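What follows is model-v7.cif (mmCIF, C-alpha atoms and all ligand atoms).
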```
data_structure
#
loop_
_atom_site.label_atom_id
_atom_site.label_comp_id
_atom_site.auth_asym_id
_atom_site.auth_seq_id
_atom_site.Cartn_x
_atom_site.Cartn_y
_atom_site.Cartn_z
CA MET A 257 23.38 -20.76 -11.42
CA ASN A 258 24.50 -21.84 -14.85
CA ASN A 259 21.50 -23.79 -16.02
CA ALA A 260 17.84 -23.13 -16.50
CA VAL A 261 15.63 -24.40 -13.66
CA GLU A 262 12.22 -25.92 -14.36
CA VAL A 263 9.44 -23.90 -12.72
CA ALA A 264 6.47 -25.88 -14.07
CA LYS A 265 6.00 -28.28 -16.97
CA GLY A 266 7.63 -26.61 -19.97
CA ILE A 267 8.48 -23.40 -18.11
CA TYR A 268 12.03 -22.55 -17.09
CA TRP A 269 13.71 -19.86 -15.03
CA VAL A 270 16.51 -18.46 -17.21
CA GLY A 271 17.18 -15.43 -15.03
CA VAL A 272 20.47 -14.05 -13.77
CA ASN A 273 21.97 -12.81 -10.52
CA ASP A 274 23.44 -9.32 -10.39
CA LYS A 275 26.10 -8.81 -7.73
CA GLU A 276 27.80 -6.01 -9.67
CA THR A 277 25.17 -3.34 -9.04
CA ASP A 278 25.51 -1.67 -5.63
CA LEU A 279 22.44 0.54 -5.90
CA PHE A 280 19.21 -0.56 -7.59
CA GLU A 281 17.83 2.36 -9.64
CA ALA A 282 21.01 4.13 -8.42
CA LEU A 283 19.15 4.59 -5.12
CA TRP A 284 18.48 1.40 -3.18
CA PRO A 285 21.35 -0.60 -1.61
CA LEU A 286 21.63 -4.26 -2.59
CA PRO A 287 23.40 -6.01 0.29
CA ARG A 288 22.77 -9.41 -1.30
CA GLY A 289 22.43 -8.34 -4.93
CA VAL A 290 19.33 -8.71 -7.04
CA ALA A 291 18.00 -11.31 -9.48
CA TYR A 292 16.48 -10.46 -12.86
CA ASN A 293 14.06 -13.30 -13.50
CA SER A 294 13.39 -14.19 -17.11
CA TYR A 295 11.30 -17.21 -17.96
CA LEU A 296 11.19 -19.41 -21.02
CA VAL A 297 7.84 -20.93 -21.93
CA THR A 298 8.40 -23.86 -24.28
CA GLY A 299 5.40 -24.94 -26.30
CA GLU A 300 5.43 -25.63 -30.01
CA LYS A 301 6.43 -22.00 -30.12
CA VAL A 302 8.88 -20.61 -27.57
CA ALA A 303 8.26 -17.42 -25.62
CA LEU A 304 10.67 -15.54 -23.38
CA ILE A 305 9.03 -13.52 -20.62
CA ASP A 306 11.12 -10.35 -20.17
CA THR A 307 14.87 -9.97 -20.55
CA VAL A 308 17.58 -8.84 -18.15
CA LYS A 309 19.88 -5.85 -17.69
CA ALA A 310 22.04 -5.67 -20.86
CA PHE A 311 25.30 -6.53 -19.08
CA PHE A 312 23.92 -9.98 -18.21
CA LEU A 313 22.44 -11.03 -21.55
CA THR A 314 25.20 -13.57 -22.29
CA ASP A 315 24.28 -15.41 -19.11
CA LEU A 316 20.60 -15.54 -20.13
CA VAL A 317 21.31 -16.63 -23.70
CA SER A 318 23.68 -19.39 -22.63
CA LYS A 319 20.95 -20.81 -20.38
CA VAL A 320 18.46 -20.66 -23.26
CA LYS A 321 20.84 -22.34 -25.71
CA ARG A 322 21.75 -25.10 -23.27
CA LEU A 323 18.04 -25.77 -22.90
CA LEU A 324 16.80 -25.43 -26.48
CA GLY A 325 19.95 -26.38 -28.38
CA GLU A 326 22.16 -24.02 -30.33
CA ASP A 327 19.85 -23.43 -33.30
CA LYS A 328 16.27 -23.43 -32.02
CA PRO A 329 15.02 -19.84 -31.96
CA ILE A 330 12.92 -17.92 -29.48
CA ASP A 331 9.69 -17.01 -31.31
CA TYR A 332 8.21 -14.41 -28.97
CA LEU A 333 9.50 -11.96 -26.41
CA VAL A 334 6.79 -10.86 -23.99
CA VAL A 335 7.60 -7.42 -22.58
CA ASN A 336 5.80 -7.06 -19.27
CA HIS A 337 7.72 -3.95 -18.28
CA MET A 338 10.07 -1.48 -19.95
CA GLU A 339 12.28 -0.54 -17.01
CA PRO A 340 15.79 -1.26 -18.34
CA ASP A 341 16.58 -3.93 -15.73
CA HIS A 342 14.09 -6.07 -17.71
CA SER A 343 14.12 -4.51 -21.16
CA GLY A 344 17.82 -3.67 -21.44
CA SER A 345 18.66 -6.65 -23.65
CA ILE A 346 15.84 -6.30 -26.17
CA LYS A 347 17.83 -4.63 -28.90
CA ILE A 348 20.70 -7.17 -28.81
CA LEU A 349 18.31 -10.09 -28.41
CA LYS A 350 16.57 -8.96 -31.57
CA THR A 351 19.86 -9.14 -33.48
CA LEU A 352 20.56 -12.62 -32.06
CA TYR A 353 17.05 -13.83 -32.97
CA PRO A 354 16.05 -11.81 -36.07
CA GLY A 355 12.61 -13.46 -36.36
CA LEU A 356 11.71 -12.56 -32.79
CA LYS A 357 8.23 -11.06 -32.39
CA ILE A 358 7.78 -8.64 -29.50
CA ILE A 359 4.49 -9.00 -27.63
CA CYS A 360 3.48 -5.90 -25.70
CA ASN A 361 0.62 -3.50 -25.04
CA GLY A 362 -0.18 -0.10 -26.51
CA GLN A 363 1.69 1.83 -23.81
CA THR A 364 4.86 -0.14 -24.53
CA VAL A 365 5.10 0.53 -28.27
CA LYS A 366 6.33 4.12 -28.01
CA MET A 367 8.68 3.21 -25.16
CA LEU A 368 10.32 0.50 -27.30
CA GLU A 369 10.99 3.13 -29.92
CA ASN A 370 12.12 5.81 -27.47
CA PHE A 371 14.43 3.57 -25.44
CA TYR A 372 15.81 1.25 -28.14
CA SER A 373 14.59 2.45 -31.57
CA VAL A 374 12.82 -0.90 -31.93
CA THR A 375 9.78 -0.70 -34.21
CA ASP A 376 9.89 -3.94 -36.26
CA ASP A 377 7.96 -7.11 -35.40
CA VAL A 378 6.08 -5.43 -32.57
CA VAL A 379 2.75 -7.18 -31.87
CA GLN A 380 0.34 -5.11 -29.82
CA ILE A 381 -2.03 -7.05 -27.54
CA LYS A 382 -5.07 -5.85 -25.59
CA ASP A 383 -6.09 -6.49 -22.00
CA GLY A 384 -7.34 -10.08 -21.65
CA GLU A 385 -6.02 -11.20 -25.04
CA GLU A 386 -4.45 -14.66 -25.38
CA ILE A 387 -1.71 -16.22 -27.48
CA ASP A 388 -1.65 -19.99 -28.06
CA LEU A 389 1.94 -21.28 -28.16
CA GLY A 390 0.79 -24.88 -28.68
CA GLY A 391 0.92 -26.59 -25.29
CA HIS A 392 0.80 -23.29 -23.41
CA VAL A 393 -1.71 -20.45 -23.65
CA LEU A 394 -0.55 -17.04 -22.47
CA LYS A 395 -3.12 -14.50 -21.31
CA PHE A 396 -2.24 -10.86 -20.70
CA PHE A 397 -3.48 -8.68 -17.85
CA LEU A 398 -2.74 -4.97 -18.13
CA THR A 399 -1.78 -3.63 -14.70
CA PRO A 400 -0.86 0.00 -15.34
CA MET A 401 1.32 1.76 -12.74
CA VAL A 402 2.34 -1.44 -10.99
CA HIS A 403 4.90 0.01 -11.54
CA TRP A 404 5.02 1.99 -14.85
CA PRO A 405 2.14 2.85 -17.21
CA GLU A 406 2.91 -0.08 -19.53
CA THR A 407 3.32 -2.69 -16.80
CA MET A 408 1.40 -5.90 -17.43
CA MET A 409 1.31 -9.45 -16.14
CA THR A 410 1.30 -12.64 -18.20
CA TYR A 411 -0.54 -15.76 -17.10
CA ASP A 412 0.09 -19.24 -18.45
CA LYS A 413 -3.34 -20.91 -18.43
CA THR A 414 -1.84 -24.39 -18.83
CA THR A 415 0.30 -24.43 -15.68
CA LYS A 416 -1.55 -21.59 -13.90
CA THR A 417 1.69 -19.62 -13.56
CA LEU A 418 1.45 -15.85 -13.17
CA PHE A 419 4.45 -13.90 -14.42
CA SER A 420 3.74 -10.95 -12.20
CA CYS A 421 6.54 -8.60 -13.21
CA ASP A 422 7.74 -6.30 -10.39
CA ALA A 423 4.72 -7.10 -8.21
CA PHE A 424 5.48 -9.63 -5.44
CA GLY A 425 9.21 -9.36 -6.17
CA GLY A 426 12.10 -8.24 -4.01
CA PHE A 427 15.83 -7.70 -3.69
CA GLY A 428 18.39 -10.46 -3.12
CA CYS A 429 20.07 -12.85 -5.53
CA LEU A 430 18.75 -16.37 -5.95
CA GLU A 431 21.65 -18.51 -4.87
CA GLY A 432 20.92 -22.19 -5.13
CA GLY A 433 17.29 -21.92 -4.12
CA ILE A 434 14.89 -20.10 -6.39
CA PHE A 435 11.54 -21.19 -4.85
CA ASP A 436 9.89 -19.97 -1.66
CA ASP A 437 10.21 -23.48 -0.16
CA GLU A 438 13.96 -23.58 -0.91
CA VAL A 439 15.09 -20.29 0.66
CA ASP A 440 14.89 -18.40 3.95
CA MET A 441 11.69 -16.47 3.31
CA SER A 442 12.02 -14.40 6.50
CA TYR A 443 14.96 -12.63 4.79
CA TYR A 444 13.29 -12.35 1.39
CA GLU A 445 9.97 -11.12 2.80
CA GLY A 446 11.82 -8.21 4.40
CA GLU A 447 13.40 -7.45 1.04
CA ILE A 448 10.06 -7.82 -0.78
CA LEU A 449 8.58 -5.24 1.59
CA ARG A 450 11.62 -2.96 1.08
CA TYR A 451 11.05 -3.25 -2.68
CA PHE A 452 7.31 -2.68 -2.35
CA SER A 453 7.48 0.27 0.06
CA ASN A 454 10.22 2.15 -1.80
CA ILE A 455 9.34 1.39 -5.41
CA VAL A 456 5.74 0.24 -5.78
CA GLY A 457 3.98 1.50 -2.64
CA ARG A 458 3.21 4.97 -4.02
CA TYR A 459 0.97 3.16 -6.50
CA SER A 460 -0.95 1.20 -3.89
CA ASP A 461 -4.33 2.08 -5.42
CA GLN A 462 -3.21 0.57 -8.71
CA VAL A 463 -1.93 -2.51 -6.86
CA GLN A 464 -5.41 -2.87 -5.40
CA THR A 465 -6.93 -2.61 -8.89
CA ALA A 466 -4.54 -5.29 -10.15
CA ILE A 467 -5.27 -7.65 -7.26
CA ALA A 468 -9.02 -7.24 -7.88
CA LYS A 469 -8.49 -7.95 -11.58
CA LEU A 470 -6.71 -11.20 -10.72
CA GLY A 471 -9.41 -12.14 -8.19
CA ASP A 472 -10.92 -14.96 -10.27
CA VAL A 473 -7.66 -16.24 -11.71
CA ASP A 474 -6.52 -19.64 -10.42
CA ILE A 475 -2.87 -18.97 -9.54
CA LYS A 476 -0.68 -21.93 -8.61
CA ILE A 477 2.68 -20.21 -9.06
CA VAL A 478 3.62 -16.55 -8.72
CA ALA A 479 6.76 -15.92 -10.77
CA PRO A 480 7.91 -12.32 -10.26
CA SER A 481 10.70 -10.57 -12.12
CA HIS A 482 12.85 -10.26 -8.96
CA GLY A 483 13.30 -12.52 -5.95
CA PRO A 484 12.02 -16.01 -5.20
CA ILE A 485 9.25 -17.80 -7.09
CA HIS A 486 6.21 -18.50 -4.92
CA ARG A 487 5.03 -22.05 -5.54
CA SER A 488 4.34 -23.41 -2.05
CA LYS A 489 2.20 -20.50 -0.79
CA PRO A 490 1.34 -18.21 -3.72
CA GLU A 491 -1.70 -16.90 -1.86
CA HIS A 492 0.53 -15.76 1.04
CA ILE A 493 2.52 -13.24 -0.99
CA ILE A 494 -0.64 -11.95 -2.69
CA ARG A 495 -2.25 -11.50 0.75
CA LEU A 496 0.80 -9.60 2.03
CA TYR A 497 0.71 -7.30 -1.01
CA ASP A 498 -2.99 -6.79 -0.49
CA ARG A 499 -2.44 -5.77 3.15
CA TRP A 500 0.49 -3.48 2.38
CA SER A 501 -1.36 -1.73 -0.43
CA ARG A 502 -4.43 -1.27 1.80
CA HIS A 503 -2.10 0.50 4.27
CA GLU A 504 -2.87 -2.10 6.92
CA THR A 505 -0.21 -1.88 9.61
CA GLU A 506 1.16 -3.91 12.51
CA CYS A 507 1.07 -2.63 16.08
CA GLY A 508 4.57 -1.35 16.52
CA ALA A 509 6.47 1.91 16.37
CA VAL A 510 9.39 3.30 14.43
CA ILE A 511 11.35 6.15 15.95
CA VAL A 512 13.73 8.03 13.67
CA TYR A 513 16.13 10.60 14.98
CA GLY A 514 18.45 13.10 13.31
CA SER A 515 21.10 14.12 15.81
CA MET A 516 24.65 15.46 15.46
CA TYR A 517 25.73 15.50 19.09
CA GLY A 518 23.33 13.07 20.72
CA ASN A 519 20.88 15.41 22.43
CA THR A 520 17.94 14.74 20.13
CA ALA A 521 18.78 11.01 20.17
CA LYS A 522 18.29 11.05 23.95
CA LEU A 523 14.73 12.28 23.49
CA ALA A 524 14.07 9.55 20.93
CA ASN A 525 15.36 6.90 23.32
CA ALA A 526 13.17 8.24 26.14
CA ALA A 527 10.08 7.79 23.99
CA ALA A 528 11.26 4.31 22.94
CA ARG A 529 11.74 3.27 26.57
CA GLU A 530 8.22 4.36 27.45
CA LEU A 531 6.76 2.42 24.52
CA ALA A 532 8.55 -0.68 25.82
CA ARG A 533 7.36 -0.05 29.41
CA GLU A 534 3.85 0.07 27.95
CA GLU A 535 4.44 -3.39 26.44
CA ILE A 536 4.81 -2.48 22.81
CA ASN A 537 7.06 -5.28 21.59
CA HIS A 538 7.87 -4.02 18.13
CA ILE A 539 9.97 -0.87 18.42
CA ILE A 540 12.62 0.08 15.88
CA VAL A 541 14.86 3.09 16.47
CA HIS A 542 16.65 4.40 13.37
CA ASP A 543 19.46 6.91 13.16
CA ALA A 544 18.53 8.84 10.01
CA ALA A 545 22.19 9.65 9.31
CA ARG A 546 23.38 6.06 9.40
CA ASP A 547 20.52 3.76 8.43
CA HIS A 548 19.71 3.85 4.74
CA VAL A 549 16.40 5.56 4.04
CA SER A 550 15.07 2.49 2.18
CA PHE A 551 15.23 0.38 5.35
CA ILE A 552 13.62 3.18 7.37
CA ILE A 553 10.77 3.51 4.86
CA ARG A 554 10.29 -0.26 4.88
CA ASP A 555 9.84 -0.29 8.66
CA ILE A 556 7.56 2.77 8.60
CA TRP A 557 5.37 1.03 6.01
CA ARG A 558 5.08 -1.96 8.31
CA TYR A 559 4.24 -0.35 11.66
CA ARG A 560 1.46 1.97 12.64
CA GLY A 561 3.38 4.37 14.88
CA LEU A 562 6.07 6.83 13.79
CA ILE A 563 7.99 9.37 15.87
CA LEU A 564 10.31 11.81 14.14
CA ALA A 565 12.91 13.58 16.29
CA SER A 566 15.15 16.12 14.59
CA CYS A 567 17.70 18.71 15.51
CA THR A 568 17.89 21.97 13.51
CA TYR A 569 20.49 22.42 10.78
CA ASN A 570 20.73 25.80 9.07
CA THR A 571 17.11 26.58 10.03
CA MET A 572 15.85 23.25 8.59
CA PRO A 573 15.43 19.70 9.87
CA PHE A 574 18.70 17.75 9.89
CA PRO A 575 19.41 16.90 6.19
CA PRO A 576 18.97 13.09 6.39
CA MET A 577 15.68 13.72 8.22
CA ALA A 578 14.61 16.23 5.56
CA ASP A 579 15.48 13.61 2.93
CA LEU A 580 13.37 10.99 4.72
CA MET A 581 10.45 13.41 4.97
CA ALA A 582 10.67 14.19 1.25
CA HIS A 583 10.59 10.46 0.47
CA LEU A 584 7.62 9.92 2.78
CA GLU A 585 5.69 12.81 1.26
CA ASN A 586 6.03 11.09 -2.11
CA LYS A 587 4.77 7.73 -0.81
CA LYS A 588 1.21 8.82 0.05
CA MET A 589 1.08 6.59 3.13
CA LYS A 590 -2.14 6.50 5.14
CA ASN A 591 -3.48 5.29 8.47
CA ARG A 592 -0.47 6.08 10.65
CA LEU A 593 0.01 7.70 14.02
CA ILE A 594 2.76 10.30 14.18
CA GLY A 595 4.60 12.10 16.96
CA ILE A 596 7.13 14.90 16.50
CA MET A 597 10.06 16.14 18.55
CA GLY A 598 12.37 19.02 17.62
CA ASN A 599 15.57 20.53 18.96
CA TYR A 600 16.87 24.03 18.22
CA THR A 601 19.42 26.38 19.72
CA TRP A 602 18.57 29.81 18.29
CA SER A 603 15.86 29.52 15.60
CA PRO A 604 12.69 27.68 16.68
CA GLY A 605 11.15 27.08 13.21
CA ILE A 606 11.76 23.33 13.13
CA MET A 607 8.48 22.44 14.84
CA LYS A 608 6.51 24.24 12.14
CA ARG A 609 8.23 22.20 9.43
CA LEU A 610 7.69 18.93 11.32
CA LYS A 611 4.06 19.81 12.00
CA ASP A 612 3.43 20.81 8.37
CA PHE A 613 4.85 17.46 7.35
CA ALA A 614 2.72 15.54 9.84
CA GLN A 615 -0.44 17.29 8.71
CA THR A 616 0.06 17.25 4.96
CA SER A 617 2.09 14.13 4.17
CA GLY A 618 -0.84 11.77 4.31
CA LYS A 619 -3.82 10.83 6.40
CA TRP A 620 -1.76 10.64 9.57
CA GLU A 621 -2.92 11.46 13.07
CA LEU A 622 -0.67 13.78 15.04
CA LEU A 623 -0.35 12.72 18.69
CA SER A 624 0.38 14.98 21.60
CA PRO A 625 2.45 16.30 23.12
CA GLU A 626 4.65 17.87 20.48
CA VAL A 627 8.05 17.96 22.15
CA VAL A 628 10.37 20.88 21.54
CA ILE A 629 13.65 21.40 23.37
CA GLN A 630 16.43 23.93 23.32
CA SER A 631 19.89 22.38 22.79
CA SER A 632 19.74 19.58 25.36
CA PRO A 633 16.91 17.73 27.12
CA LYS A 634 16.05 18.70 30.72
CA ASP A 635 14.02 16.60 33.16
CA GLU A 636 10.73 18.08 31.98
CA ASP A 637 11.68 17.34 28.36
CA TYR A 638 12.26 13.67 29.15
CA THR A 639 8.89 13.62 30.89
CA LYS A 640 7.22 15.03 27.76
CA ALA A 641 9.02 12.55 25.48
CA ALA A 642 7.85 9.71 27.71
CA GLU A 643 4.34 11.12 27.64
CA LEU A 644 4.37 11.03 23.84
CA GLY A 645 5.65 7.43 23.97
CA LYS A 646 2.88 6.52 26.39
CA ASN A 647 0.17 8.12 24.30
CA MET A 648 1.39 6.31 21.23
CA ALA A 649 1.56 3.01 23.10
CA GLN A 650 -2.02 3.38 24.27
CA ARG A 651 -3.24 4.13 20.77
CA LEU A 652 -1.25 1.18 19.41
CA LYS A 653 -2.75 -1.17 22.01
CA ALA A 654 -6.20 0.00 21.00
CA CYS A 655 -5.58 -1.18 17.43
CA GLN A 656 -4.25 -4.63 18.42
C1 LIG B 701 26.10 23.17 11.25
C2 LIG B 701 25.05 23.46 12.30
C3 LIG B 701 23.96 24.22 11.96
C4 LIG B 701 23.01 24.54 12.91
N1 LIG B 701 21.97 25.30 12.55
C5 LIG B 701 21.05 25.67 13.48
C6 LIG B 701 19.99 26.54 13.17
O1 LIG B 701 19.82 26.97 12.04
N2 LIG B 701 19.12 26.88 14.15
C7 LIG B 701 19.26 26.43 15.42
O2 LIG B 701 18.46 26.78 16.26
N3 LIG B 701 20.26 25.59 15.75
C8 LIG B 701 21.17 25.20 14.82
N4 LIG B 701 22.20 24.39 15.15
C9 LIG B 701 22.35 23.98 16.52
C10 LIG B 701 21.80 22.59 16.78
O3 LIG B 701 20.45 22.53 16.50
C11 LIG B 701 22.08 22.25 18.22
O4 LIG B 701 23.46 22.04 18.34
C12 LIG B 701 21.35 21.04 18.70
O5 LIG B 701 21.49 20.93 20.08
C13 LIG B 701 21.89 19.81 18.08
O6 LIG B 701 21.24 18.67 18.61
P1 LIG B 701 21.98 17.26 18.64
O7 LIG B 701 22.84 17.19 19.87
O8 LIG B 701 20.89 16.29 18.65
O9 LIG B 701 22.82 17.18 17.42
C14 LIG B 701 23.16 24.05 14.22
C15 LIG B 701 24.26 23.25 14.55
C16 LIG B 701 25.18 22.97 13.60
C17 LIG B 701 26.36 22.09 13.97
#
```

Would you write out, as structure tokens, the structure that this file holds?
Ligand SMILES: Cc1cc2nc3c(=O)[nH]c(=O)nc-3n(C[C@H](O)[C@H](O)[C@H](O)COP(=O)(O)O)c2cc1C
Amino acid sequence: MNNAVEVAKGIYWVGVNDKETDLFEALWPLPRGVAYNSYLVTGEKVALIDTVKAFFLTDLVSKVKRLLGEDKPIDYLVVNHMEPDHSGSIKILKTLYPGLKIICNGQTVKMLENFYSVTDDVVQIKDGEEIDLGGHVLKFFLTPMVHWPETMMTYDKTTKTLFSCDAFGGFGCLEGGIFDDEVDMSYYEGEILRYFSNIVGRYSDQVQTAIAKLGDVDIKIVAPSHGPIHRSKPEHIIRLYDRWSRHETECGAVIVYGSMYGNTAKLANAAARELAREEINHIIVHDAARDHVSFIIRDIWRYRGLILASCTYNTMPFPPMADLMAHLENKKMKNRLIGIMGNYTWSPGIMKRLKDFAQTSGKWELLSPEVVIQSSPKDEDYTKAAELGKNMAQRLKACQ
């Protein structure tokens, strides 16, 4: 999109779409790109809320100039977050607009210096402080660790728009539609959960603190720094975030297998079949070697049940499975049911590693039986895998 889009009276989306980056944070695949949402708040003074990745600054500035005219300056830059996908253009922007004042909190000041050697015209605000632009009043809410220590949100009291930074945002470019009522939200909600679970979810306690802090704020529009702007149902995305960060789950199961020659996969499929026979309708089976870990983590965050089935590789779980387990250990997920299945040929240590993971990774409940096979599943192994599936199904039905 070439032009700014009005979000509310006097507020404009001047963000950009990035289809050049394949991996967000050099980790997370972007099948439909990602948007960096900047917003221009035009009162008597003009404030820009966050910038974009440096490569895309020209795109942002041309939108601003088309809107304001060639010569009218931006007075303030509000820095909600210092991750370079939002802060990357600060240094160049400052040379384009020499009078630009940078509004940020105490945690941000040192980061501005460390990342960009920017120390001039930095205005430090406190939690709850306001700035009157003339026609718009911006209020700042410090929300540390949603997703970095300096992260904050900015609220326009006049239009009741919350610039929520990374919270409530997700992957996917904004192509044509930029509002929740203009796009296919079933796609974007999946990508918002993938963003949350992989990037923000570890800090769920801090998300809860932020949501509580915003409890009395009248929010008409949620304008995140990635993904669609929520104007038709702002309360819906806040409620979803609240549920996800409380570790509330849906009654379904994710089964992940790591299998080189298909034997361990057969066990996984036996458990999946039994879950279906027991009328669990939400079952997702992932091949850890082929499905990207970010999609697997997203689904695990969503559903209550998880079964890990791994073959042994050089005495350890299959590498993509070990990678998934390392990610999960970092996420601090709670309130899940877990089942484990292992396959070895000569060294039986895999079950100990899977069990250690199940018992220490979070507040997860380990279901029986633990299924261990040697090389290929026999009839009694299929029976045990089905038994695990059945036990999980019964526990899932109990939580419905
Ligand atoms: C490169 C490689 C390393 C392996 N390392 C071990 C091992 O350390 N211990 C073991 O018991 N089995 C090991 N195995 C054997 C596999 O665990 C065995 O083939 C198993 O049946 C594979 O299950 P799958 O058919 O699901 O791939 C290894 C196999 C391969 C190919």

### Message
At a cut-off of 8 Å around ligand LIG 701 (chain B), and using all atoms listed in the file, what residues come up? Please write them as a list in words.
### Response
Gly514, Ser515, Met516, Tyr517, Gly518, Asn519, Thr520, Ala521, Lys522, Ser566, Cys567, Thr568, Tyr569, Asn570, Thr571, Met572, Asn599, Tyr600, Thr601, Trp602, Ser603, Pro604, Gly605, Gln630, Ser631 and Ser632 of chain A

### Query
Of the candidates A:Val627, A:Val308, A:Val320, A:Val402, which shows the shortest atom-to-atom distance to Gln464 (chain A), using only C-alpha atoms?
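With only C-alpha atoms as the atom set, the closest residue is A:Val402.
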
#### Entry: Shell of 12 Å around Arg495 (chain A), only C-alpha atoms, local chain residues under 4 positions omitted, as a ChimeraX atom specification
/A:424,463-464,467-468,471,489-491,499-502,504

### Task
Identify, on the basis of only C-alpha atoms, every residue whose closest approach to region 285-294 of chain A does not exceed 8 Å; exclude the query and any residue fewer than 6 positions from it along the same chain; express the result as JSON, numbers by chain.
{"A": [269, 270, 271, 272, 273, 274, 275, 276, 277, 278, 279, 304, 305, 306, 307, 308, 309, 316, 341, 342, 426, 427, 428, 429, 430, 480, 481, 482, 483, 548, 550]}

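CA of His403 (chain A) lies 7.0 Å from CA of Asp422 (chain A).
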
### Task
Write out as a ChimeraX atom specification each polymer residue whose atoms come within 6 Å of Leu296 (chain A), counting only C-alpha atoms; drop sequence neighbours fewer than 4 positions from it.
/A:267-268,303-304

### Query
What is the CA of Asp377 (chain A) to CA of Leu356 (chain A) distance in Å?
7.1 Å

Find the residues with any atom within 9 Å of (20.8, 9.6, 10.3); use all atoms listed in the file and the coordinates as given in the file, and write the answer as a PDB file with C-alpha atoms, keeping the file's coordinate frame.
```pdb
ATOM      1  CA  VAL A 512      13.730   8.030  13.670  1.00  0.00           C
ATOM      2  CA  TYR A 513      16.130  10.600  14.980  1.00  0.00           C
ATOM      3  CA  GLY A 514      18.450  13.100  13.310  1.00  0.00           C
ATOM      4  CA  SER A 515      21.100  14.120  15.810  1.00  0.00           C
ATOM      5  CA  MET A 516      24.650  15.460  15.460  1.00  0.00           C
ATOM      6  CA  HIS A 542      16.650   4.400  13.370  1.00  0.00           C
ATOM      7  CA  ASP A 543      19.460   6.910  13.160  1.00  0.00           C
ATOM      8  CA  ALA A 544      18.530   8.840  10.010  1.00  0.00           C
ATOM      9  CA  ALA A 545      22.190   9.650   9.310  1.00  0.00           C
ATOM     10  CA  ARG A 546      23.380   6.060   9.400  1.00  0.00           C
ATOM     11  CA  ASP A 547      20.520   3.760   8.430  1.00  0.00           C
ATOM     12  CA  HIS A 548      19.710   3.850   4.740  1.00  0.00           C
ATOM     13  CA  VAL A 549      16.400   5.560   4.040  1.00  0.00           C
ATOM     14  CA  PHE A 574      18.700  17.750   9.890  1.00  0.00           C
ATOM     15  CA  PRO A 575      19.410  16.900   6.190  1.00  0.00           C
ATOM     16  CA  PRO A 576      18.970  13.090   6.390  1.00  0.00           C
ATOM     17  CA  MET A 577      15.680  13.720   8.220  1.00  0.00           C
TER      18      MET A 577
END
```

### Task
Kindly give the distance, in Å, that separates CA of Met401 (chain A) and CA of Asn361 (chain A), rounded to a single decimal.
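Separation of CA of Met401 (chain A) and CA of Asn361 (chain A): 13.4 Å.
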
### Task
May I ask which of the residues A:Val393, A:Phe435, A:Ala260, A:Lys347 is the closest one to Asp376 (chain A), counting only C-alpha atoms?
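Counting only C-alpha atoms, the residue closest to Asp376 (chain A) is A:Lys347.
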
### Query
Which residues come within 6 Å of Leu389 (chain A), counting all atoms listed in the file, excluding same-chain residues fewer than 2 positions away, as a ChimeraX atom specification?
/A:299-301,392-393

Suppose we keep C-alpha atoms; can you now write the selection as a PDB file, keeping the file's coordinate frame?
```pdb
ATOM      1  CA  GLY A 299       5.400 -24.940 -26.300  1.00  0.00           C
ATOM      2  CA  GLU A 300       5.430 -25.630 -30.010  1.00  0.00           C
ATOM      3  CA  LYS A 301       6.430 -22.000 -30.120  1.00  0.00           C
ATOM      4  CA  HIS A 392       0.800 -23.290 -23.410  1.00  0.00           C
ATOM      5  CA  VAL A 393      -1.710 -20.450 -23.650  1.00  0.00           C
TER       6      VAL A 393
END
```

### Query
Which is closer to Ala528 (chain A) than all the others in A:Glu438, A:Ser488, A:Ala649, A:Asp412, using all atoms listed in the file?
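Between A:Glu438, A:Ser488, A:Ala649, A:Asp412, the residue approaching Ala528 (chain A) most closely is A:Ala649.
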
Selection: 12 Å around Leu352 (chain A), all atoms listed in the file, excl. self and same-chain fewer than 3 positions, as a PDB file with C-alpha atoms, in the coordinates of the input:
```pdb
ATOM      1  CA  LEU A 313      22.440 -11.030 -21.550  1.00  0.00           C
ATOM      2  CA  THR A 314      25.200 -13.570 -22.290  1.00  0.00           C
ATOM      3  CA  VAL A 317      21.310 -16.630 -23.700  1.00  0.00           C
ATOM      4  CA  LYS A 321      20.840 -22.340 -25.710  1.00  0.00           C
ATOM      5  CA  GLU A 326      22.160 -24.020 -30.330  1.00  0.00           C
ATOM      6  CA  ASP A 327      19.850 -23.430 -33.300  1.00  0.00           C
ATOM      7  CA  LYS A 328      16.270 -23.430 -32.020  1.00  0.00           C
ATOM      8  CA  PRO A 329      15.020 -19.840 -31.960  1.00  0.00           C
ATOM      9  CA  ILE A 330      12.920 -17.920 -29.480  1.00  0.00           C
ATOM     10  CA  ASP A 331       9.690 -17.010 -31.310  1.00  0.00           C
ATOM     11  CA  SER A 345      18.660  -6.650 -23.650  1.00  0.00           C
ATOM     12  CA  ILE A 346      15.840  -6.300 -26.170  1.00  0.00           C
ATOM     13  CA  LYS A 347      17.830  -4.630 -28.900  1.00  0.00           C
ATOM     14  CA  ILE A 348      20.700  -7.170 -28.810  1.00  0.00           C
ATOM     15  CA  LEU A 349      18.310 -10.090 -28.410  1.00  0.00           C
ATOM     16  CA  GLY A 355      12.610 -13.460 -36.360  1.00  0.00           C
ATOM     17  CA  LEU A 356      11.710 -12.560 -32.790  1.00  0.00           C
TER      18      LEU A 356
END
```

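Considering only C-alpha atoms, the residue among A:Met589, A:Ile606, A:Met409, A:Val379 positioned nearest to Arg458 (chain A) is A:Met589.
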